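Undergrad: Have a look at this one before I ask anything.
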Amino acid sequence: MVVGGGIAGLVAARGLAAAGRDVLLLEGSPQVGGKLRSAEVAGLTVDVGAEAMLARRPEGLALAEEVGAEVVHPTSAASAVWSRGALRTMPRSLMGVPLDLDQLAASGVLSPEGLLRARHEVDTPVGDDVSVGELVAGRLGDELVDRLVEPLLGGVYAGHARAISAAAAVPQLLAMARRGSLLEQVAGLPLSTAPVFASLPGGMGRLPGLVVDGGGFEVRTAATVRALRRTPGGWAVTVGPTTHPETVEAGSVVLATPSVPAARLLADEVPDAAGELAAIDTASVAVVTLAFRTRDVPGGLLDRSGFLVPPVEQRTIKASTFSFAKWAWVRELDPDVVVLRTSLGRHGEETTLQAADDGLVRVSLTDLAAMAGITARPVDTHVQRWGGGLPQYAVGHLDRVARIRAAVATRPGLAVCGAAYDGVGIPAVIGSARRAVASVTRAE
Ligand SMILES: Cc1cc2nc3c(=O)[nH]c(=O)nc-3n(C[C@H](O)[C@H](O)[C@H](O)COP(=O)(O)OP(=O)(O)OC[C@H]3O[C@@H](n4cnc5c(N)ncnc54)[C@H](O)[C@@H]3O)c2cc1C
């Protein structure tokens with residue numbers, strides 16, 4: 001049995017079915033997919049959750065191939081960062097550590113003082129784990145962290161550079177820091193022309209359905225699991241409303257929910273793991289999708305795939321993706337309509353999201369006007385909230401995950417997977433599901 005029908009649960013269910021199991025997947029909401037979700041905006045179906053997957057890791061592309069999906073890559077439109085009063089082309093970097101200091105200088109992202117500090121790396125000692133912000137600020141200065149590392153990390157985790165674990169989020173940088181100069185080693189990285197990201201034509205929201213089709217497992221939606229307990233033969237879960245509880249039994253259970261429900265479900269049977277899961281904080285975010293008439297939007301914007309906004313700039317949105325410029329498939333949906341999205345919400349800044357939907361649209365439009373010169377009225381809008389949507393990998397996260405897995409491993413036929421463990425990106429989440437399948441099938 002699998003609990004949770006996000007991409008982790010779907011991949012786990014498919015893997016267990018491929019291993020010859022009878023699999024039932026229980027999903028609490030009316031549809032599978034979790035953060036991979038599409039919606040209609042101005043009659044066009046676009047992603048309102050995750051919109052790309054890393055193509056430099058194998059798991060996402062391998063899954064697409066397994067389910068027979070074509071993949072597409074972003075156009076050559078360049079990403080940007082709003083810094084010091086202008087949109088600046090994003091300099092090439094490894095999570096903010098510049099590959100080329102002259103390119104960083106030319107971008108104008110940093111002030112002359114910030115740039116001078118970044119040019120003079122300080123050799124600071126590195127322990128087992130440290131926040132990404134602390135690691136990079138000690139070496140290259142606070143301004144580089146505030147204006148480059150922060151927005152890049154904020155885009156992935158909706159978190160803060162000075163809280164997120166370097167060991168979990170940027171192990172490559174941490175390893176480099178242990179060996180010597182970050183600048184020298186990053187500058188020496190081989191240049192790759194391979195695309196960094198991929199999606200499916202029609203969006204990442206199509207992937208869940210493809211994983212279900214022909215996956216050989218049964219899905220029940222609107223089936224929230226409320227309790228989990230061991231039985232002599234394996235495991236039993238309680239599903240459904242409190243007025244009509246139903247017990248479903250299985251030999252093994254893969255728990256593929258976010259950390260908060262996982263903590264609740266494990267509280268009785270694996271309290272140590274539950275305690276550790278409950279200690280993982282989450283950030284709430286919202287994605288606002290806006291559709292405009294093509295003729296109302298400045299033509300030059302086609303050159304940009306979007307932009308990130310550092311918190312130090314004190315705007316409300318933290319990023320905007322110009323979906324129409326980034327993805328050919330979006331532009332081809334309707335040449336007369338352009339679709340773009342903004343994202344809002346960082347860890348600890350829930351007040352931003354307390355506005356009603358039209359308030360989030362309004363602040364998005366205000367920021368887009370100020371930063372991208374888009375002053376048109378949208379023809380349609382869509383607001384998708386993701387409450388507690390992104391787990392925060394605090395310093396020490398890897399040790400915490402090791403403790404969770406060790407505690408869960410003491411209960412035969414039980415495994416956990418999902419965004420709370422080995423990375424929040426889709427390929428990492430798929431990897432965690434494959435690992436969960438291996439652990440329950442190996443145990444028997
Ligand atoms: C706005 C946003 C944009 C993102 N963009 C990207 C991106 O572009 N690229 C990328 O790689 N990653 C992105 N991510 C991260 C990535 O999408 C997620 O980390 C990943 O999809 C999580 O998958 P999951 O299966 O672990 O969890 P989820 O997708 O959260 O799925 C968990 C499922 O469990 C269900 N559930 C919860 N409790 C219960 C219960 N008690 N019983 C039954 N079911 C339950 C939920 O309803 C949900 O369907 C983004 C995340 C967000 C929020």
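Chains: A, B, ... in order of the structure tokens. Residues: from 1 per chain. Ligands: from 1, in order shown.
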Write out as a count of residues only each polymer residue whose atoms come within 7 Å of segment 322-325 of chain A, counting only C-alpha atoms; drop sequence neighbours fewer than 6 positions from it.
TA: 11
Undergrad: Neighbours of ligand 1 at 6 Å or closer, counting only C-alpha atoms and all ligand atoms: which residues, as an NGL selection string?
TA: :A and (3-9 or 26-29 or 32-36 or 49-53 or 223-226 or 257-258 or 261 or 287 or 386 or 389-390 or 418-419 or 424-426 or 429)
Undergrad: Counting only C-alpha atoms, give me one row per residue of segment 157-213 of chain A with an atom at most 12 Å from an atom of segment 311-316 of chain A, showing the shortest contact pair and its distance in Å to one decimal, sorted by chain then residue number, as JSON lines.
TA:
```
{"residue": "A:Ala158", "atom": "CA", "partner": "A:Pro311", "partner_atom": "CA", "distance": 10.8}
{"residue": "A:Gly159", "atom": "CA", "partner": "A:Pro311", "partner_atom": "CA", "distance": 10.4}
{"residue": "A:His160", "atom": "CA", "partner": "A:Pro311", "partner_atom": "CA", "distance": 9.1}
{"residue": "A:Ala161", "atom": "CA", "partner": "A:Pro311", "partner_atom": "CA", "distance": 10.6}
```
Undergrad: Could you pull the residues within 10 Å of Arg230 of chain A, counting only C-alpha atoms, minus those fewer than 6 positions along the same chain, as a ChimeraX atom specification?
TA: /A:236-237,249-252,268-269,411-414
Undergrad: Distance atom CA of Ala105 of chain A-atom CA of Trp82 of chain A, one decimal place?
TA: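 Atom-to-atom, atom CA of Ala105 of chain A and atom CA of Trp82 of chain A are spaced 14.9 Å apart.
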Undergrad: Write down as an mmCIF file with N, CA, C and O atoms, in the first residue's frame the residues belonging to segment 124-342 of chain A that are assigned alpha helix (DSSP H) by DSSP computed on the backbone.
TA:
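Okay, result-v1.cif is ready:
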```cif
data_model
loop_
_atom_site.group_PDB
_atom_site.id
_atom_site.type_symbol
_atom_site.label_atom_id
_atom_site.label_comp_id
_atom_site.auth_asym_id
_atom_site.auth_seq_id
_atom_site.Cartn_x
_atom_site.Cartn_y
_atom_site.Cartn_z
ATOM 1 N N VAL A 132 24.066 27.571 3.973
ATOM 2 C CA VAL A 132 24.648 27.984 2.692
ATOM 3 C C VAL A 132 25.095 29.444 2.778
ATOM 4 O O VAL A 132 26.171 29.818 2.301
ATOM 5 N N GLY A 133 24.258 30.273 3.430
ATOM 6 C CA GLY A 133 24.563 31.698 3.538
ATOM 7 C C GLY A 133 25.841 31.946 4.313
ATOM 8 O O GLY A 133 26.694 32.748 3.902
ATOM 9 N N GLU A 134 25.966 31.238 5.421
ATOM 10 C CA GLU A 134 27.171 31.407 6.245
ATOM 11 C C GLU A 134 28.417 30.961 5.471
ATOM 12 O O GLU A 134 29.458 31.627 5.508
ATOM 13 N N LEU A 135 28.286 29.847 4.789
ATOM 14 C CA LEU A 135 29.422 29.319 4.026
ATOM 15 C C LEU A 135 29.890 30.330 2.979
ATOM 16 O O LEU A 135 31.077 30.684 2.915
ATOM 17 N N VAL A 136 28.938 30.842 2.195
ATOM 18 C CA VAL A 136 29.336 31.711 1.076
ATOM 19 C C VAL A 136 29.669 33.122 1.571
ATOM 20 O O VAL A 136 30.620 33.739 1.073
ATOM 21 N N ALA A 137 28.931 33.613 2.578
ATOM 22 C CA ALA A 137 29.216 34.965 3.072
ATOM 23 C C ALA A 137 30.611 35.027 3.691
ATOM 24 O O ALA A 137 31.348 35.992 3.491
ATOM 25 N N GLY A 138 30.987 33.987 4.434
ATOM 26 C CA GLY A 138 32.318 33.965 5.040
ATOM 27 C C GLY A 138 33.405 34.021 3.983
ATOM 28 O O GLY A 138 34.432 34.682 4.161
ATOM 29 N N ARG A 139 33.159 33.358 2.873
ATOM 30 C CA ARG A 139 34.165 33.329 1.802
ATOM 31 C C ARG A 139 34.141 34.582 0.927
ATOM 32 O O ARG A 139 35.172 35.167 0.604
ATOM 33 N N LEU A 140 32.908 34.963 0.508
ATOM 34 C CA LEU A 140 32.814 35.940 -0.587
ATOM 35 C C LEU A 140 31.999 37.184 -0.233
ATOM 36 O O LEU A 140 31.818 38.054 -1.088
ATOM 37 N N ASP A 142 28.763 39.210 2.322
ATOM 38 C CA ASP A 142 27.309 39.177 2.542
ATOM 39 C C ASP A 142 26.525 39.597 1.309
ATOM 40 O O ASP A 142 25.438 39.102 1.054
ATOM 41 N N GLU A 143 27.061 40.531 0.540
ATOM 42 C CA GLU A 143 26.258 41.053 -0.572
ATOM 43 C C GLU A 143 26.011 39.980 -1.633
ATOM 44 O O GLU A 143 24.922 39.900 -2.208
ATOM 45 N N LEU A 144 27.016 39.157 -1.870
ATOM 46 C CA LEU A 144 26.832 38.078 -2.848
ATOM 47 C C LEU A 144 25.726 37.132 -2.373
ATOM 48 O O LEU A 144 24.901 36.674 -3.168
ATOM 49 N N GLU A 150 20.751 34.094 -2.162
ATOM 50 C CA GLU A 150 19.415 34.156 -1.533
ATOM 51 C C GLU A 150 18.292 33.957 -2.558
ATOM 52 O O GLU A 150 17.435 33.085 -2.366
ATOM 53 N N PRO A 151 18.264 34.715 -3.653
ATOM 54 C CA PRO A 151 17.166 34.485 -4.609
ATOM 55 C C PRO A 151 17.224 33.111 -5.261
ATOM 56 O O PRO A 151 16.177 32.503 -5.519
ATOM 57 N N LEU A 152 18.424 32.587 -5.505
ATOM 58 C CA LEU A 152 18.510 31.265 -6.137
ATOM 59 C C LEU A 152 17.975 30.191 -5.201
ATOM 60 O O LEU A 152 17.191 29.329 -5.591
ATOM 61 N N LEU A 153 18.378 30.250 -3.941
ATOM 62 C CA LEU A 153 17.880 29.265 -2.972
ATOM 63 C C LEU A 153 16.400 29.474 -2.698
ATOM 64 O O LEU A 153 15.649 28.515 -2.540
ATOM 65 N N GLY A 154 16.002 30.757 -2.656
ATOM 66 C CA GLY A 154 14.591 31.077 -2.414
ATOM 67 C C GLY A 154 13.716 30.500 -3.508
ATOM 68 O O GLY A 154 12.589 30.065 -3.261
ATOM 69 N N GLY A 155 14.246 30.466 -4.735
ATOM 70 C CA GLY A 155 13.490 29.912 -5.849
ATOM 71 C C GLY A 155 13.232 28.427 -5.685
ATOM 72 O O GLY A 155 12.196 27.917 -6.093
ATOM 73 N N VAL A 156 14.159 27.715 -5.080
ATOM 74 C CA VAL A 156 14.016 26.261 -4.943
ATOM 75 C C VAL A 156 13.301 25.901 -3.637
ATOM 76 O O VAL A 156 12.362 25.108 -3.631
ATOM 77 N N TYR A 157 13.742 26.494 -2.529
ATOM 78 C CA TYR A 157 13.253 26.067 -1.204
ATOM 79 C C TYR A 157 12.261 27.038 -0.572
ATOM 80 O O TYR A 157 11.692 26.726 0.468
ATOM 81 N N ALA A 166 23.972 23.603 3.976
ATOM 82 C CA ALA A 166 24.846 23.456 2.798
ATOM 83 C C ALA A 166 25.028 21.980 2.464
ATOM 84 O O ALA A 166 25.028 21.597 1.294
ATOM 85 N N ALA A 167 25.141 21.134 3.486
ATOM 86 C CA ALA A 167 25.360 19.701 3.233
ATOM 87 C C ALA A 167 24.183 19.099 2.474
ATOM 88 O O ALA A 167 24.365 18.233 1.623
ATOM 89 N N ALA A 168 22.963 19.578 2.766
ATOM 90 C CA ALA A 168 21.788 19.029 2.092
ATOM 91 C C ALA A 168 21.529 19.705 0.752
ATOM 92 O O ALA A 168 21.159 19.048 -0.211
ATOM 93 N N ALA A 169 21.727 21.032 0.684
ATOM 94 C CA ALA A 169 21.304 21.765 -0.520
ATOM 95 C C ALA A 169 22.418 21.924 -1.547
ATOM 96 O O ALA A 169 22.154 21.908 -2.744
ATOM 97 N N PRO A 171 25.876 20.212 -1.541
ATOM 98 C CA PRO A 171 27.013 19.419 -1.064
ATOM 99 C C PRO A 171 28.284 19.653 -1.883
ATOM 100 O O PRO A 171 29.387 19.611 -1.333
ATOM 101 N N GLN A 172 28.103 19.968 -3.172
ATOM 102 C CA GLN A 172 29.274 20.192 -4.022
ATOM 103 C C GLN A 172 30.070 21.415 -3.540
ATOM 104 O O GLN A 172 31.307 21.378 -3.472
ATOM 105 N N LEU A 173 29.356 22.478 -3.152
ATOM 106 C CA LEU A 173 30.041 23.680 -2.658
ATOM 107 C C LEU A 173 30.736 23.403 -1.335
ATOM 108 O O LEU A 173 31.857 23.872 -1.094
ATOM 109 N N LEU A 174 30.078 22.633 -0.486
ATOM 110 C CA LEU A 174 30.674 22.326 0.814
ATOM 111 C C LEU A 174 31.958 21.515 0.623
ATOM 112 O O LEU A 174 32.984 21.798 1.267
ATOM 113 N N ALA A 175 31.916 20.555 -0.274
ATOM 114 C CA ALA A 175 33.113 19.737 -0.536
ATOM 115 C C ALA A 175 34.230 20.601 -1.097
ATOM 116 O O ALA A 175 35.407 20.459 -0.720
ATOM 117 N N MET A 176 33.870 21.530 -1.973
ATOM 118 C CA MET A 176 34.889 22.432 -2.533
ATOM 119 C C MET A 176 35.516 23.298 -1.439
ATOM 120 O O MET A 176 36.720 23.511 -1.417
ATOM 121 N N ALA A 177 34.658 23.800 -0.545
ATOM 122 C CA ALA A 177 35.157 24.675 0.526
ATOM 123 C C ALA A 177 36.150 23.922 1.410
ATOM 124 O O ALA A 177 37.106 24.504 1.912
ATOM 125 N N ARG A 178 35.923 22.622 1.568
ATOM 126 C CA ARG A 178 36.858 21.832 2.387
ATOM 127 C C ARG A 178 38.202 21.687 1.679
ATOM 128 O O ARG A 178 39.243 21.588 2.314
ATOM 129 N N ARG A 179 38.154 21.672 0.346
ATOM 130 C CA ARG A 179 39.401 21.469 -0.414
ATOM 131 C C ARG A 179 40.188 22.754 -0.610
ATOM 132 O O ARG A 179 41.396 22.723 -0.750
ATOM 133 N N LEU A 182 36.695 28.415 -3.289
ATOM 134 C CA LEU A 182 35.441 28.193 -4.038
ATOM 135 C C LEU A 182 35.553 28.787 -5.436
ATOM 136 O O LEU A 182 35.191 28.152 -6.427
ATOM 137 N N LEU A 183 36.067 30.034 -5.488
ATOM 138 C CA LEU A 183 36.131 30.714 -6.788
ATOM 139 C C LEU A 183 36.966 29.923 -7.786
ATOM 140 O O LEU A 183 36.567 29.737 -8.935
ATOM 141 N N GLU A 184 38.120 29.450 -7.327
ATOM 142 C CA GLU A 184 39.005 28.727 -8.260
ATOM 143 C C GLU A 184 38.360 27.440 -8.744
ATOM 144 O O GLU A 184 38.399 27.107 -9.929
ATOM 145 N N GLN A 185 37.747 26.702 -7.814
ATOM 146 C CA GLN A 185 37.179 25.409 -8.212
ATOM 147 C C GLN A 185 35.926 25.570 -9.079
ATOM 148 O O GLN A 185 35.733 24.838 -10.038
ATOM 149 N N VAL A 186 35.108 26.570 -8.740
ATOM 150 C CA VAL A 186 33.901 26.786 -9.546
ATOM 151 C C VAL A 186 34.296 27.245 -10.957
ATOM 152 O O VAL A 186 33.719 26.817 -11.957
ATOM 153 N N ALA A 187 35.327 28.104 -11.022
ATOM 154 C CA ALA A 187 35.784 28.576 -12.346
ATOM 155 C C ALA A 187 36.311 27.416 -13.184
ATOM 156 O O ALA A 187 36.270 27.460 -14.417
ATOM 157 N N LEU A 207 2.553 14.634 -16.014
ATOM 158 C CA LEU A 207 3.329 13.454 -15.608
ATOM 159 C C LEU A 207 2.566 12.503 -14.670
ATOM 160 O O LEU A 207 2.584 11.284 -14.896
ATOM 161 N N PRO A 208 1.867 13.010 -13.639
ATOM 162 C CA PRO A 208 1.175 12.069 -12.740
ATOM 163 C C PRO A 208 0.231 11.115 -13.472
ATOM 164 O O PRO A 208 0.244 9.904 -13.213
ATOM 165 N N GLY A 209 -0.561 11.645 -14.386
ATOM 166 C CA GLY A 209 -1.509 10.793 -15.128
ATOM 167 C C GLY A 209 -0.786 9.721 -15.920
ATOM 168 O O GLY A 209 -1.244 8.568 -15.997
ATOM 169 N N LEU A 210 0.349 10.089 -16.483
ATOM 170 C CA LEU A 210 1.110 9.116 -17.276
ATOM 171 C C LEU A 210 1.706 8.022 -16.384
ATOM 172 O O LEU A 210 1.844 6.878 -16.797
ATOM 173 N N VAL A 211 2.076 8.405 -15.151
ATOM 174 C CA VAL A 211 2.640 7.404 -14.231
ATOM 175 C C VAL A 211 1.549 6.422 -13.797
ATOM 176 O O VAL A 211 1.798 5.224 -13.631
ATOM 177 N N VAL A 212 0.321 6.934 -13.657
ATOM 178 C CA VAL A 212 -0.792 6.049 -13.270
ATOM 179 C C VAL A 212 -1.151 5.106 -14.421
ATOM 180 O O VAL A 212 -1.315 3.899 -14.218
ATOM 181 N N SER A 259 5.959 16.021 5.369
ATOM 182 C CA SER A 259 6.449 15.705 6.719
ATOM 183 C C SER A 259 5.371 15.828 7.792
ATOM 184 O O SER A 259 5.329 15.021 8.722
ATOM 185 N N VAL A 260 4.481 16.812 7.677
ATOM 186 C CA VAL A 260 3.509 17.027 8.761
ATOM 187 C C VAL A 260 2.547 15.838 8.891
ATOM 188 O O VAL A 260 2.435 15.249 9.972
ATOM 189 N N PRO A 261 1.860 15.422 7.798
ATOM 190 C CA PRO A 261 1.024 14.213 7.953
ATOM 191 C C PRO A 261 1.843 12.963 8.257
ATOM 192 O O PRO A 261 1.364 12.084 9.009
ATOM 193 N N ALA A 262 3.063 12.856 7.733
ATOM 194 C CA ALA A 262 3.882 11.673 8.038
ATOM 195 C C ALA A 262 4.169 11.611 9.537
ATOM 196 O O ALA A 262 4.092 10.538 10.158
ATOM 197 N N ALA A 263 4.463 12.768 10.139
ATOM 198 C CA ALA A 263 4.729 12.799 11.588
ATOM 199 C C ALA A 263 3.500 12.332 12.361
ATOM 200 O O ALA A 263 3.599 11.547 13.306
ATOM 201 N N ARG A 264 2.337 12.804 11.926
ATOM 202 C CA ARG A 264 1.096 12.440 12.619
ATOM 203 C C ARG A 264 0.854 10.928 12.509
ATOM 204 O O ARG A 264 0.528 10.263 13.472
ATOM 205 N N LEU A 265 1.041 10.395 11.298
ATOM 206 C CA LEU A 265 0.727 8.978 11.078
ATOM 207 C C LEU A 265 1.712 8.058 11.793
ATOM 208 O O LEU A 265 1.368 6.930 12.141
ATOM 209 N N LEU A 266 2.941 8.527 12.006
ATOM 210 C CA LEU A 266 3.955 7.671 12.634
ATOM 211 C C LEU A 266 4.005 7.831 14.152
ATOM 212 O O LEU A 266 4.764 7.128 14.824
ATOM 213 N N PRO A 271 7.538 6.611 17.147
ATOM 214 C CA PRO A 271 7.544 7.967 17.715
ATOM 215 C C PRO A 271 8.856 8.724 17.476
ATOM 216 O O PRO A 271 8.836 9.954 17.320
ATOM 217 N N ASP A 272 9.985 8.006 17.431
ATOM 218 C CA ASP A 272 11.256 8.725 17.211
ATOM 219 C C ASP A 272 11.262 9.401 15.843
ATOM 220 O O ASP A 272 11.665 10.563 15.696
ATOM 221 N N ALA A 273 10.815 8.642 14.827
ATOM 222 C CA ALA A 273 10.770 9.212 13.479
ATOM 223 C C ALA A 273 9.749 10.351 13.427
ATOM 224 O O ALA A 273 9.982 11.390 12.815
ATOM 225 N N ALA A 274 8.619 10.149 14.121
ATOM 226 C CA ALA A 274 7.571 11.187 14.117
ATOM 227 C C ALA A 274 8.104 12.493 14.701
ATOM 228 O O ALA A 274 7.856 13.573 14.158
ATOM 229 N N GLY A 275 8.866 12.381 15.796
ATOM 230 C CA GLY A 275 9.418 13.577 16.436
ATOM 231 C C GLY A 275 10.367 14.319 15.495
ATOM 232 O O GLY A 275 10.340 15.551 15.400
ATOM 233 N N GLU A 276 11.190 13.565 14.801
ATOM 234 C CA GLU A 276 12.144 14.194 13.870
ATOM 235 C C GLU A 276 11.399 14.848 12.698
ATOM 236 O O GLU A 276 11.751 15.940 12.258
ATOM 237 N N LEU A 277 10.370 14.157 12.192
ATOM 238 C CA LEU A 277 9.607 14.720 11.061
ATOM 239 C C LEU A 277 8.882 15.995 11.477
ATOM 240 O O LEU A 277 8.802 16.960 10.711
ATOM 241 N N ALA A 278 8.363 15.978 12.715
ATOM 242 C CA ALA A 278 7.624 17.159 13.196
ATOM 243 C C ALA A 278 8.551 18.364 13.330
ATOM 244 O O ALA A 278 8.102 19.509 13.312
ATOM 245 N N SER A 323 6.459 32.192 -18.621
ATOM 246 C CA SER A 323 6.230 30.865 -19.206
ATOM 247 C C SER A 323 6.168 30.923 -20.729
ATOM 248 O O SER A 323 6.665 30.042 -21.421
ATOM 249 N N PHE A 324 5.583 32.008 -21.253
ATOM 250 C CA PHE A 324 5.438 32.130 -22.720
ATOM 251 C C PHE A 324 6.794 32.263 -23.407
ATOM 252 O O PHE A 324 6.938 31.911 -24.576
ATOM 253 N N ALA A 325 7.785 32.800 -22.685
ATOM 254 C CA ALA A 325 9.114 32.967 -23.284
ATOM 255 C C ALA A 325 10.004 31.767 -22.982
ATOM 256 O O ALA A 325 10.896 31.420 -23.754
ATOM 257 N N LYS A 326 9.743 31.110 -21.860
ATOM 258 C CA LYS A 326 10.602 30.006 -21.426
ATOM 259 C C LYS A 326 10.270 28.703 -22.149
ATOM 260 O O LYS A 326 11.149 27.879 -22.388
ATOM 261 N N ALA A 328 8.384 26.863 -25.370
ATOM 262 C CA ALA A 328 7.741 26.985 -26.693
ATOM 263 C C ALA A 328 6.325 26.426 -26.645
ATOM 264 O O ALA A 328 5.409 26.981 -27.257
ATOM 265 N N TRP A 329 6.122 25.331 -25.886
ATOM 266 C CA TRP A 329 4.787 24.727 -25.879
ATOM 267 C C TRP A 329 3.741 25.673 -25.293
ATOM 268 O O TRP A 329 2.589 25.662 -25.711
ATOM 269 N N VAL A 330 4.135 26.538 -24.361
ATOM 270 C CA VAL A 330 3.178 27.486 -23.784
ATOM 271 C C VAL A 330 2.829 28.553 -24.828
ATOM 272 O O VAL A 330 1.659 28.888 -25.029
ATOM 273 N N ARG A 331 3.853 29.040 -25.532
ATOM 274 C CA ARG A 331 3.611 30.084 -26.519
ATOM 275 C C ARG A 331 2.697 29.561 -27.636
ATOM 276 O O ARG A 331 1.855 30.268 -28.156
#
```
Undergrad: Hey, which of A:Gly216, A:Pro74, A:Gly141, A:Gly387 ends up closest to Pro195 of chain A? Count only C-alpha atoms.
TA: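 Going through A:Gly216, A:Pro74, A:Gly141, A:Gly387 one by one, the smallest distance to Pro195 of chain A is for A:Pro74.
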Undergrad: When DSSP works through the backbone of this structure, what residues of segment 22-82 of chain A end up as strand (DSSP E), shown as an MDAnalysis selection string?
TA: chainID A and resid 24:26 38:41 44:47 53:54 78:82
Undergrad: Write out as a list of chain:residue names the residues lying within 12 Å of Ala62 of chain A, counting only C-alpha atoms and excluding same-chain residues fewer than 4 positions away.
TA: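 Skipping anything fewer than 4 positions along the chain leaves A:Val11, A:Met53, A:Leu54, A:Ala55, A:Arg56, A:Arg57, A:Pro58, A:Glu66, A:Val67, A:Gly68, A:Ala69, A:Glu70, A:Val71, A:Ala198, A:Val211, A:Ile426, A:Pro427, A:Ile430, A:Gly431, A:Arg434.
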